[in-house]
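So this one's coords.cif, mmCIF, C-alpha atoms:
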```cif
data_protein
#
loop_
_atom_site.label_atom_id
_atom_site.label_comp_id
_atom_site.auth_asym_id
_atom_site.auth_seq_id
_atom_site.Cartn_x
_atom_site.Cartn_y
_atom_site.Cartn_z
CA MET A 1 -124.07 -109.68 249.42
CA GLY A 2 -126.04 -110.45 246.31
CA TYR A 3 -129.30 -109.98 244.46
CA SER A 4 -131.03 -112.34 242.06
CA TYR A 5 -134.33 -112.06 240.20
CA LEU A 6 -136.19 -114.27 237.71
CA GLU A 7 -139.24 -113.43 235.62
CA PRO A 8 -139.86 -116.59 233.57
CA GLY A 9 -139.84 -115.98 229.86
CA ASN A 10 -138.66 -112.42 230.25
CA GLU A 11 -135.77 -111.52 232.56
CA LEU A 12 -132.98 -112.98 234.69
CA LYS A 13 -130.85 -110.86 236.98
CA ILE A 14 -127.91 -111.92 239.12
CA SER A 15 -125.92 -109.24 240.91
CA ALA A 16 -123.29 -109.96 243.58
CA HIS A 17 -120.96 -107.76 245.61
CA ILE A 18 -118.44 -108.67 248.36
CA TYR A 19 -116.93 -106.45 251.02
CA PHE A 20 -113.94 -107.03 253.26
CA SER A 21 -114.81 -107.81 256.85
CA THR A 22 -112.40 -109.03 259.54
CA ASN A 23 -115.22 -111.10 260.93
CA ARG A 24 -115.46 -113.09 257.68
CA VAL A 25 -111.95 -113.01 256.23
CA ASN A 26 -108.82 -113.85 258.24
CA ILE A 27 -105.56 -112.88 256.57
CA ALA A 28 -103.30 -113.81 259.48
CA GLU A 29 -101.75 -116.70 257.56
CA LEU A 30 -101.57 -114.78 254.27
CA VAL A 31 -99.37 -112.04 255.66
CA LYS A 32 -96.71 -114.62 256.36
CA MET A 33 -96.23 -115.04 252.58
CA THR A 34 -93.83 -112.96 250.49
CA PRO A 35 -95.21 -110.25 248.19
CA GLU A 36 -94.29 -112.37 245.19
CA GLN A 37 -96.16 -115.37 246.55
CA LEU A 38 -99.20 -113.22 247.35
CA LYS A 39 -99.23 -111.74 243.83
CA ALA A 40 -98.98 -115.16 242.23
CA ALA A 41 -101.77 -116.48 244.47
CA GLU A 42 -103.92 -113.45 243.57
CA MET A 43 -103.48 -114.07 239.83
CA SER A 44 -104.41 -117.71 240.32
CA SER A 45 -107.53 -116.70 242.24
CA ILE A 46 -108.52 -114.25 239.48
CA ALA A 47 -108.16 -117.00 236.88
CA ALA A 48 -110.45 -119.22 238.96
CA GLU A 49 -113.03 -116.40 239.16
CA LYS A 50 -112.97 -116.01 235.39
CA GLU A 51 -113.55 -119.74 234.96
CA ILE A 52 -116.57 -119.56 237.26
CA PHE A 53 -117.85 -116.51 235.34
CA ALA A 54 -117.51 -118.36 232.03
CA GLN A 55 -119.57 -121.21 233.46
CA MET A 56 -122.21 -118.72 234.61
CA SER A 57 -122.28 -117.18 231.12
CA GLU A 58 -123.00 -120.60 229.64
CA ILE A 59 -125.79 -121.07 232.18
CA GLU A 60 -127.22 -117.67 231.15
CA LYS A 61 -127.28 -118.76 227.50
CA LYS A 62 -129.03 -121.96 228.49
CA TRP A 63 -131.60 -119.97 230.46
CA ALA A 64 -132.16 -117.57 227.52
CA LYS A 65 -132.89 -120.48 225.18
CA GLN A 66 -135.39 -121.97 227.62
CA ALA A 67 -136.93 -118.55 228.30
CA GLU A 68 -137.54 -118.08 224.56
CA GLN A 69 -139.48 -121.34 224.56
CA THR A 70 -141.57 -120.11 227.51
CA MET A 71 -142.22 -116.83 225.68
CA ALA A 72 -143.17 -118.61 222.43
CA LEU A 73 -145.69 -120.78 224.29
CA ARG A 74 -147.28 -117.67 225.79
CA LYS A 75 -147.42 -115.88 222.41
CA ALA A 76 -149.07 -118.91 220.80
CA GLN A 77 -151.73 -118.83 223.52
CA GLU A 78 -152.28 -115.10 222.90
CA TYR A 79 -152.77 -115.84 219.19
CA LEU A 80 -155.37 -118.52 219.86
CA LYS A 81 -157.23 -116.22 222.27
CA THR A 82 -157.54 -113.38 219.73
CA PRO A 83 -161.29 -112.90 219.12
CA PRO A 84 -162.67 -112.71 215.57
CA THR A 85 -163.02 -109.18 214.21
CA PRO A 86 -166.66 -108.03 214.36
CA HIS A 87 -168.18 -107.12 210.99
CA THR A 88 -171.58 -106.76 209.27
CA SER A 89 -171.05 -109.33 206.48
CA ASN A 90 -171.09 -106.55 203.85
CA LYS A 91 -174.54 -105.35 204.93
CA TRP A 92 -175.53 -101.88 206.10
CA ILE A 93 -176.45 -101.50 209.76
CA THR A 94 -177.23 -98.42 211.87
CA SER A 95 -175.90 -97.92 215.39
CA GLU A 96 -177.73 -96.24 218.25
CA TYR A 97 -175.91 -92.98 217.47
CA ASP A 98 -177.10 -93.08 213.84
CA TRP A 99 -173.74 -94.12 212.42
CA HIS A 100 -174.17 -96.32 209.34
CA GLU A 101 -171.67 -99.15 208.86
CA MET A 102 -170.86 -101.77 206.23
CA SER A 103 -167.90 -104.02 206.97
CA ASN A 104 -166.19 -107.34 206.38
CA MET A 105 -163.11 -109.00 207.85
CA VAL A 106 -160.75 -106.53 206.14
CA TYR A 107 -162.58 -103.27 205.38
CA LYS A 108 -165.07 -100.96 207.12
CA PHE A 109 -167.11 -98.09 205.66
CA ILE A 110 -169.00 -95.82 208.06
CA TRP A 111 -170.89 -92.55 207.60
CA HIS A 112 -173.00 -90.11 209.60
CA ILE A 113 -175.12 -87.06 208.71
CA TYR A 114 -175.34 -84.02 210.97
CA GLU A 115 -178.31 -81.70 210.52
CA ASN A 116 -177.58 -78.04 211.18
CA GLN A 117 -180.69 -76.36 212.59
CA ARG A 118 -181.91 -72.95 213.69
CA TRP A 119 -184.99 -71.75 215.49
CA SER A 120 -187.78 -70.52 213.25
CA GLN A 121 -189.89 -67.76 214.76
CA GLU A 122 -192.45 -68.24 212.04
CA LYS A 123 -192.87 -71.97 212.59
CA GLN A 124 -191.99 -71.84 216.27
CA THR A 125 -189.77 -74.89 215.89
CA SER A 126 -186.27 -75.86 214.83
CA VAL A 127 -185.71 -76.16 211.07
CA THR A 128 -182.82 -77.75 209.20
CA THR A 129 -180.69 -75.28 207.27
CA SER A 130 -177.80 -77.44 206.00
CA PHE A 131 -176.11 -80.80 206.34
CA ASP A 132 -172.64 -82.08 207.23
CA LEU A 133 -171.41 -85.52 206.19
CA SER A 134 -168.60 -87.48 207.85
CA TRP A 135 -167.47 -90.72 206.25
CA TYR A 136 -164.48 -93.01 206.69
CA LEU A 137 -163.08 -96.04 204.90
CA SER A 138 -160.61 -97.97 207.06
CA TYR A 139 -159.08 -101.37 207.66
CA ASN A 140 -161.22 -103.43 210.03
CA THR A 141 -158.24 -104.57 212.10
CA PRO A 142 -158.43 -107.26 214.80
CA HIS A 143 -157.70 -106.80 218.48
CA ASN A 144 -154.03 -106.06 219.27
CA PRO A 145 -152.48 -106.69 215.83
CA ASP A 146 -148.73 -106.67 215.17
CA TYR A 147 -149.00 -103.24 213.53
CA SER A 148 -151.55 -100.53 214.31
CA GLY A 149 -149.69 -97.43 213.16
CA PRO A 150 -150.56 -94.73 210.60
CA GLY A 151 -152.48 -95.76 207.51
CA ARG A 152 -155.41 -97.57 209.12
CA GLN A 153 -157.79 -95.02 207.56
CA ILE A 154 -157.77 -95.38 203.77
CA ALA A 155 -160.03 -92.47 202.83
CA GLY A 156 -162.67 -90.19 204.32
CA GLN A 157 -163.83 -86.68 205.13
CA GLU A 158 -165.08 -85.04 208.29
CA ARG A 159 -168.14 -82.79 208.26
CA LYS A 160 -168.25 -82.06 204.53
CA HIS A 161 -170.84 -79.30 204.20
CA PHE A 162 -173.92 -79.40 201.94
CA GLY A 163 -176.71 -76.91 201.57
CA GLU A 164 -179.10 -79.42 200.01
CA LYS A 165 -179.82 -82.97 201.12
CA ALA A 166 -180.02 -84.16 197.50
CA ASP A 167 -176.45 -83.01 196.86
CA LEU A 168 -175.28 -84.87 199.95
CA ASP A 169 -177.07 -88.05 198.89
CA ARG A 170 -175.49 -87.98 195.43
CA TYR A 171 -172.03 -87.42 196.86
CA LEU A 172 -172.39 -90.15 199.47
CA GLN A 173 -173.68 -92.66 196.94
CA GLY A 174 -170.73 -91.85 194.72
CA ARG A 175 -168.30 -92.60 197.55
CA ILE A 176 -170.10 -95.87 198.33
CA ASN A 177 -169.99 -96.90 194.66
CA ALA A 178 -166.29 -96.03 194.40
CA TYR A 179 -165.39 -98.57 197.09
CA ALA A 180 -168.11 -101.15 196.46
CA HIS A 181 -165.53 -103.60 195.04
CA LEU A 182 -164.04 -103.95 198.53
CA PHE A 183 -167.30 -105.34 199.91
CA THR A 184 -168.04 -108.28 197.62
CA GLU A 185 -166.36 -110.90 199.85
CA ILE A 186 -166.45 -111.62 203.57
CA SER A 187 -162.65 -111.94 203.62
CA PRO A 188 -161.14 -110.11 200.63
CA PRO A 189 -157.38 -110.45 200.06
CA ILE A 190 -155.28 -108.14 202.23
CA PRO A 191 -152.86 -105.80 200.40
CA SER A 192 -149.40 -107.32 200.87
CA ASP A 193 -148.02 -104.18 202.54
CA GLN A 194 -150.85 -104.27 205.13
CA LYS A 195 -150.37 -107.87 206.25
CA LYS A 196 -149.08 -107.00 209.74
CA ARG A 197 -152.39 -105.31 210.57
CA PHE A 198 -153.98 -108.75 210.49
CA CYS A 199 -151.18 -110.72 212.17
CA VAL A 200 -150.79 -111.50 215.85
CA ASN A 201 -147.31 -112.42 217.07
CA GLY A 202 -146.05 -112.88 213.52
CA VAL A 203 -148.80 -115.22 212.26
CA LEU A 204 -151.70 -114.27 209.98
CA LEU A 205 -155.02 -114.81 211.74
CA PRO A 206 -157.33 -117.61 210.52
CA GLY A 207 -159.57 -116.86 207.57
CA TYR A 208 -157.35 -114.22 205.98
CA THR A 209 -155.39 -114.31 202.72
CA VAL A 210 -152.78 -111.90 201.37
CA GLU A 211 -153.04 -110.34 197.93
CA VAL A 212 -150.64 -111.83 195.39
CA THR A 213 -148.29 -109.22 193.93
CA ARG A 214 -147.34 -109.02 190.27
CA GLU A 215 -143.83 -110.24 191.06
CA GLN A 216 -145.25 -113.27 192.90
CA LYS A 217 -147.51 -114.09 189.94
CA VAL A 218 -144.56 -113.98 187.54
CA SER A 219 -142.50 -116.13 189.90
CA ALA A 220 -145.31 -118.68 190.16
CA LEU A 221 -145.63 -118.87 186.37
CA LEU A 222 -141.88 -119.39 185.99
CA GLU A 223 -142.01 -122.27 188.47
CA LEU A 224 -144.57 -124.00 186.23
CA LEU A 225 -142.18 -123.98 183.25
CA THR A 226 -140.37 -127.25 182.54
CA ASP A 227 -136.81 -127.64 181.32
CA ASP A 228 -138.16 -128.27 177.80
CA ASP A 229 -140.08 -124.99 177.92
CA LEU A 230 -136.95 -123.15 178.97
CA ALA A 231 -134.97 -124.88 176.21
CA ASP A 232 -137.52 -123.77 173.62
CA CYS A 233 -137.24 -120.23 174.91
CA GLY A 234 -133.47 -120.47 174.58
CA GLU A 235 -133.74 -121.57 170.92
CA ALA A 236 -135.74 -118.51 169.94
CA ALA A 237 -134.18 -116.39 167.23
CA ASP A 238 -131.74 -113.80 168.49
CA PRO A 239 -132.37 -110.48 166.73
CA ALA A 240 -128.68 -109.64 167.08
CA VAL A 241 -127.70 -112.66 164.94
CA PRO A 242 -128.39 -112.32 161.15
CA PRO A 243 -130.38 -115.16 159.53
CA PRO A 244 -128.39 -117.72 157.51
CA ILE A 245 -128.04 -117.17 153.75
CA PRO A 246 -130.07 -119.81 151.85
CA PHE A 247 -127.99 -122.19 149.73
CA LYS A 248 -128.87 -122.26 146.04
CA THR A 249 -128.26 -125.28 143.82
CA LYS A 250 -127.30 -125.00 140.13
CA ALA A 251 -130.70 -126.22 139.12
CA SER A 252 -132.34 -123.42 141.01
CA LYS A 253 -130.32 -120.69 139.30
CA LYS A 254 -132.22 -118.59 136.83
CA SER A 255 -130.73 -116.62 134.02
CA SER A 256 -130.57 -112.96 134.65
CA PRO A 257 -132.86 -110.90 132.46
CA THR A 258 -130.05 -108.44 132.04
CA ARG A 259 -127.67 -111.10 130.78
CA ASP A 260 -130.23 -112.49 128.34
CA HIS A 261 -130.85 -109.01 127.04
CA LYS A 262 -127.14 -108.41 126.49
CA LYS A 263 -126.74 -111.75 124.70
CA LYS A 264 -129.48 -110.86 122.22
CA HIS A 265 -127.71 -107.66 121.23
CA VAL A 266 -124.21 -109.06 120.78
CA PRO A 267 -123.35 -108.76 117.04
CA THR A 268 -122.35 -111.93 115.21
CA ARG A 269 -119.12 -112.13 113.27
#
```
Please express the file's structure as structure tokens.
Amino acid sequence: MGYSYLEPGNELKISAHIYFSTNRVNIAELVKMTPEQLKAAEMSSIAAEKEIFAQMSEIEKKWAKQAEQTMALRKAQEYLKTPPTPHTSNKWITSEYDWHEMSNMVYKFIWHIYENQRWSQEKQTSVTTSFDLSWYLSYNTPHNPDYSGPGRQIAGQERKHFGEKADLDRYLQGRINAYAHLFTEISPPIPSDQKKRFCVNGVLLPGYTVEVTREQKVSALLELLTDDDLADCGEAADPAVPPPIPFKTKASKKSSPTRDHKKKHVPTR
């Protein structure tokens, strides 16, 4: 008895079991052999089984290679079907629930004001007594990215309390100004450590670029240097090596003032 199962591009299962049955296996002729002959024949049969198993293992490797190709074709189709990430083109919009949003292909800033009210017996109506502000700055990630774990929210506060609306407005404007540099482009460069949030199946989605790190900038500059540039750098003075002593000719020698002074005071005989 056996069991086999194939899910293209994902899984292959082959399981087989045999059981002794007198209706299927006749050993009448085998029992006429000596124990030594039977043991030798058994070992030969086992060797043949192992050869068949080795062939099956090679077939499994061949299937795995083909299944990877099937899987890659499916993943490429998933990538092409990924819809563009909705955004507001760096403009403020207001949703039906009074949430305010400004976003681009990489970042999203949203905020909402809650008015705390109480019933006024004097005015016979509800009056606002204080305000709560919730705001969030996050990555505007696409549908089903390679990574969607912690860190999607960059900054924010939930229901920050204010007694006066003017204080809330000043605080909110300060937060907007602090992150305004993130909303000057439709597709600003993605921080290098956040690239996977904008990749699908290992490939960066169209329209995105990744921020160049300092190390990458230095590496790019070094690649622009020619052999002559490197040679010039190598000829630079080594501070560990003392400079050569200048050579003086006889004509360049000057009489020492001390010697001249001594000569003038030598008594004559």
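Matched in the shown structure by the PyMOL selection byres ((chain A and resi 16) around 12): Met1, Gly2, Tyr3, Ser4, Tyr5, Lys13, Ile14, Ser15, His17, Ile18, Tyr19 and Phe53 of chain A.
Taking atom CA of A:Ser134 and atom CA of A:Ala166 as endpoints, the distance between them is 15.8 Å.
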Determine the residue set returned by the PyMOL selection byres ((chain A and resi 165) around 12) for the present structure, and present it as JSON, numbers by chain.
{"A": [113, 114, 115, 116, 128, 129, 130, 131, 132, 133, 161, 162, 163, 164, 166, 167, 168, 169, 170, 171, 172]}
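Going from atom CA of A:Asn104 over to atom CA of A:Tyr208, you cover 11.2 Å.
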Check which residues satisfy the PyMOL selection byres ((chain A and resi 110) around 8) in the file shown, then give them as a count of residues only.
11
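Here atom CA of A:Met71 and atom CA of A:Arg152 stand 28.6 Å from one another.
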Point (-162.1, -105.7, 215.1), cut-off 8 Å, counting only C-alpha atoms, residues as a PDB file with C-alpha atoms, keeping the file's coordinate frame:
```pdb
ATOM      1  CA  PRO A  84    -162.670-112.710 215.570  1.00  0.00           C
ATOM      2  CA  THR A  85    -163.020-109.180 214.210  1.00  0.00           C
ATOM      3  CA  PRO A  86    -166.660-108.030 214.360  1.00  0.00           C
ATOM      4  CA  HIS A  87    -168.180-107.120 210.990  1.00  0.00           C
ATOM      5  CA  ASN A 140    -161.220-103.430 210.030  1.00  0.00           C
ATOM      6  CA  THR A 141    -158.240-104.570 212.100  1.00  0.00           C
ATOM      7  CA  PRO A 142    -158.430-107.260 214.800  1.00  0.00           C
ATOM      8  CA  HIS A 143    -157.700-106.800 218.480  1.00  0.00           C
TER       9      HIS A 143
END
```
List the neighbours of A:Ser192 out to 7 Å using only C-alpha atoms; skip same-chain residues closer than 3 positions along the sequence, and give me the result as a list in words.
Lys195, Val210 and Glu211 of chain A
For the selection just defined, write its residues with C-alpha atoms to a file, as a PDB file, in the coordinates of the input.
```pdb
ATOM      1  CA  LYS A 195    -150.370-107.870 206.250  1.00  0.00           C
ATOM      2  CA  VAL A 210    -152.780-111.900 201.370  1.00  0.00           C
ATOM      3  CA  GLU A 211    -153.040-110.340 197.930  1.00  0.00           C
TER       4      GLU A 211
END
```
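The shortest atom-to-atom distance to A:Ser187, with all atoms listed in the file taken into account, belongs to A:Thr209 out of A:Thr209, A:Gln121, A:Asn10, A:Thr22.
When all atoms listed in the file are used to measure the gap to A:Glu11, the shortest distance among A:Lys65, A:Ala28, A:Pro191, A:Arg214 belongs to A:Lys65.
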Can you tell me, as a PyMOL selection string, what residues are no more than 12 Å from A:Ala180 when counting all atoms listed in the file, ignoring any on the same chain fewer than 2 positions away?
chain A and resi 90-91+102-104+107-109+137+173-178+182-185
I want to know what sits within 7 Å of A:Gly9, based on all atoms listed in the file, with residues of the same chain fewer than 6 positions away left out; could you give that as an MDAnalysis selection string?
chainID A and resid 67:68 70:71
Taking the block above, write stretch 109-242 of chain A with C-alpha atoms as a CSV table (one decimal), in the first residue's frame.
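What follows is the written file decode.csv:
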```
chain,number,residue,atom,x,y,z
A,109,PHE,CA,1.1,61.8,9.1
A,110,ILE,CA,-2.4,61.7,10.6
A,111,TRP,CA,-4.0,63.5,13.5
A,112,HIS,CA,-7.4,63.9,15.2
A,113,ILE,CA,-8.9,66.2,17.9
A,114,TYR,CA,-11.4,65.0,20.4
A,115,GLU,CA,-13.5,67.6,22.2
A,116,ASN,CA,-14.4,66.8,25.8
A,117,GLN,CA,-17.8,68.2,26.6
A,118,ARG,CA,-20.2,68.5,29.5
A,119,TRP,CA,-23.8,69.6,29.8
A,120,SER,CA,-24.3,73.2,30.8
A,121,GLN,CA,-27.4,73.9,32.8
A,122,GLU,CA,-26.9,77.6,32.3
A,123,LYS,CA,-26.7,77.4,28.5
A,124,GLN,CA,-28.9,74.3,28.3
A,125,THR,CA,-26.4,72.7,25.8
A,126,SER,CA,-23.2,70.8,25.7
A,127,VAL,CA,-20.0,72.9,26.0
A,128,THR,CA,-16.4,72.0,25.3
A,129,THR,CA,-14.2,71.8,28.4
A,130,SER,CA,-10.9,70.4,27.1
A,131,PHE,CA,-9.3,68.8,24.1
A,132,ASP,CA,-7.4,65.6,23.4
A,133,LEU,CA,-5.0,65.2,20.4
A,134,SER,CA,-3.9,61.9,18.8
A,135,TRP,CA,-1.3,62.0,16.1
A,136,TYR,CA,0.9,59.4,14.4
A,137,LEU,CA,3.8,59.4,12.0
A,138,SER,CA,4.3,56.1,10.3
A,139,TYR,CA,5.7,54.4,7.2
A,140,ASN,CA,3.0,54.2,4.5
A,141,THR,CA,3.7,50.6,3.7
A,142,PRO,CA,2.3,48.8,0.6
A,143,HIS,CA,0.0,45.8,0.7
A,144,ASN,CA,1.6,42.6,2.0
A,145,PRO,CA,5.3,43.7,2.2
A,146,ASP,CA,8.2,41.4,3.0
A,147,TYR,CA,8.4,42.9,6.5
A,148,SER,CA,5.5,44.4,8.6
A,149,GLY,CA,6.8,43.9,12.1
A,150,PRO,CA,7.5,46.4,14.9
A,151,GLY,CA,8.7,49.9,14.0
A,152,ARG,CA,6.1,50.9,11.4
A,153,GLN,CA,5.1,53.8,13.7
A,154,ILE,CA,7.9,56.3,13.9
A,155,ALA,CA,6.4,58.7,16.4
A,156,GLY,CA,3.1,59.8,17.9
A,157,GLN,CA,0.9,60.3,20.9
A,158,GLU,CA,-2.5,59.1,21.8
A,159,ARG,CA,-5.0,61.5,23.4
A,160,LYS,CA,-2.6,64.2,24.6
A,161,HIS,CA,-4.7,66.4,26.9
A,162,PHE,CA,-5.0,70.2,26.5
A,163,GLY,CA,-7.1,72.7,28.4
A,164,GLU,CA,-6.9,75.3,25.7
A,165,LYS,CA,-7.4,74.9,22.0
A,166,ALA,CA,-4.6,77.5,21.3
A,167,ASP,CA,-2.1,75.3,23.2
A,168,LEU,CA,-3.1,72.3,21.2
A,169,ASP,CA,-2.8,74.2,17.9
A,170,ARG,CA,0.7,75.3,18.8
A,171,TYR,CA,1.8,71.9,19.8
A,172,LEU,CA,0.3,70.2,16.7
A,173,GLN,CA,1.9,72.8,14.4
A,174,GLY,CA,5.3,72.1,16.1
A,175,ARG,CA,4.9,68.4,15.4
A,176,ILE,CA,4.0,69.0,11.8
A,177,ASN,CA,7.0,71.4,11.3
A,178,ALA,CA,9.3,68.9,12.9
A,179,TYR,CA,8.6,66.3,10.2
A,180,ALA,CA,7.9,68.6,7.3
A,181,HIS,CA,11.2,67.5,5.6
A,182,LEU,CA,9.7,64.0,5.1
A,183,PHE,CA,6.9,65.5,2.9
A,184,THR,CA,8.8,67.4,0.2
A,185,GLU,CA,8.9,64.5,-2.3
A,186,ILE,CA,6.3,62.1,-3.6
A,187,SER,CA,8.8,59.2,-3.1
A,188,PRO,CA,11.5,60.2,-0.6
A,189,PRO,CA,14.4,57.8,-0.2
A,190,ILE,CA,13.7,54.9,2.2
A,191,PRO,CA,16.0,54.4,5.2
A,192,SER,CA,18.3,51.5,4.3
A,193,ASP,CA,17.2,49.5,7.4
A,194,GLN,CA,13.5,49.8,6.4
A,195,LYS,CA,13.9,48.6,2.8
A,196,LYS,CA,12.0,45.3,3.4
A,197,ARG,CA,8.8,47.3,4.3
A,198,PHE,CA,8.7,48.3,0.7
A,199,CYS,CA,9.7,45.0,-0.9
A,200,VAL,CA,7.5,42.2,-2.2
A,201,ASN,CA,9.1,38.8,-2.5
A,202,GLY,CA,12.6,40.2,-2.2
A,203,VAL,CA,12.3,43.0,-4.9
A,204,LEU,CA,11.8,46.7,-4.2
A,205,LEU,CA,8.5,48.0,-5.6
A,206,PRO,CA,8.6,50.3,-8.6
A,207,GLY,CA,9.1,54.0,-7.9
A,208,TYR,CA,11.0,53.6,-4.7
A,209,THR,CA,14.7,54.3,-3.9
A,210,VAL,CA,16.8,53.4,-0.9
A,211,GLU,CA,18.7,56.0,1.1
A,212,VAL,CA,22.5,55.9,0.5
A,213,THR,CA,24.4,55.3,3.7
A,214,ARG,CA,27.7,57.1,4.6
A,215,GLU,CA,29.7,53.9,4.0
A,216,GLN,CA,28.1,53.5,0.5
A,217,LYS,CA,29.0,57.1,-0.3
A,218,VAL,CA,32.6,56.6,0.7
A,219,SER,CA,32.8,53.4,-1.3
A,220,ALA,CA,31.3,55.2,-4.4
A,221,LEU,CA,33.9,57.9,-4.1
A,222,LEU,CA,36.8,55.4,-3.8
A,223,GLU,CA,35.6,53.7,-7.0
A,224,LEU,CA,35.9,57.0,-8.8
A,225,LEU,CA,39.6,57.2,-7.9
A,226,THR,CA,42.1,56.2,-10.7
A,227,ASP,CA,45.4,54.4,-10.2
A,228,ASP,CA,47.2,57.8,-10.5
A,229,ASP,CA,45.1,59.2,-7.7
A,230,LEU,CA,45.9,56.3,-5.5
A,231,ALA,CA,49.6,56.6,-6.4
A,232,ASP,CA,49.6,60.3,-5.4
A,233,CYS,CA,48.0,59.4,-2.1
A,234,GLY,CA,50.7,56.8,-1.6
A,235,GLU,CA,53.5,59.5,-2.2
A,236,ALA,CA,52.2,61.7,0.5
A,237,ALA,CA,54.6,62.5,3.3
A,238,ASP,CA,54.7,60.0,6.1
A,239,PRO,CA,54.8,61.8,9.4
A,240,ALA,CA,56.7,58.9,10.9
A,241,VAL,CA,59.6,59.5,8.5
A,242,PRO,CA,61.8,62.5,9.2
```
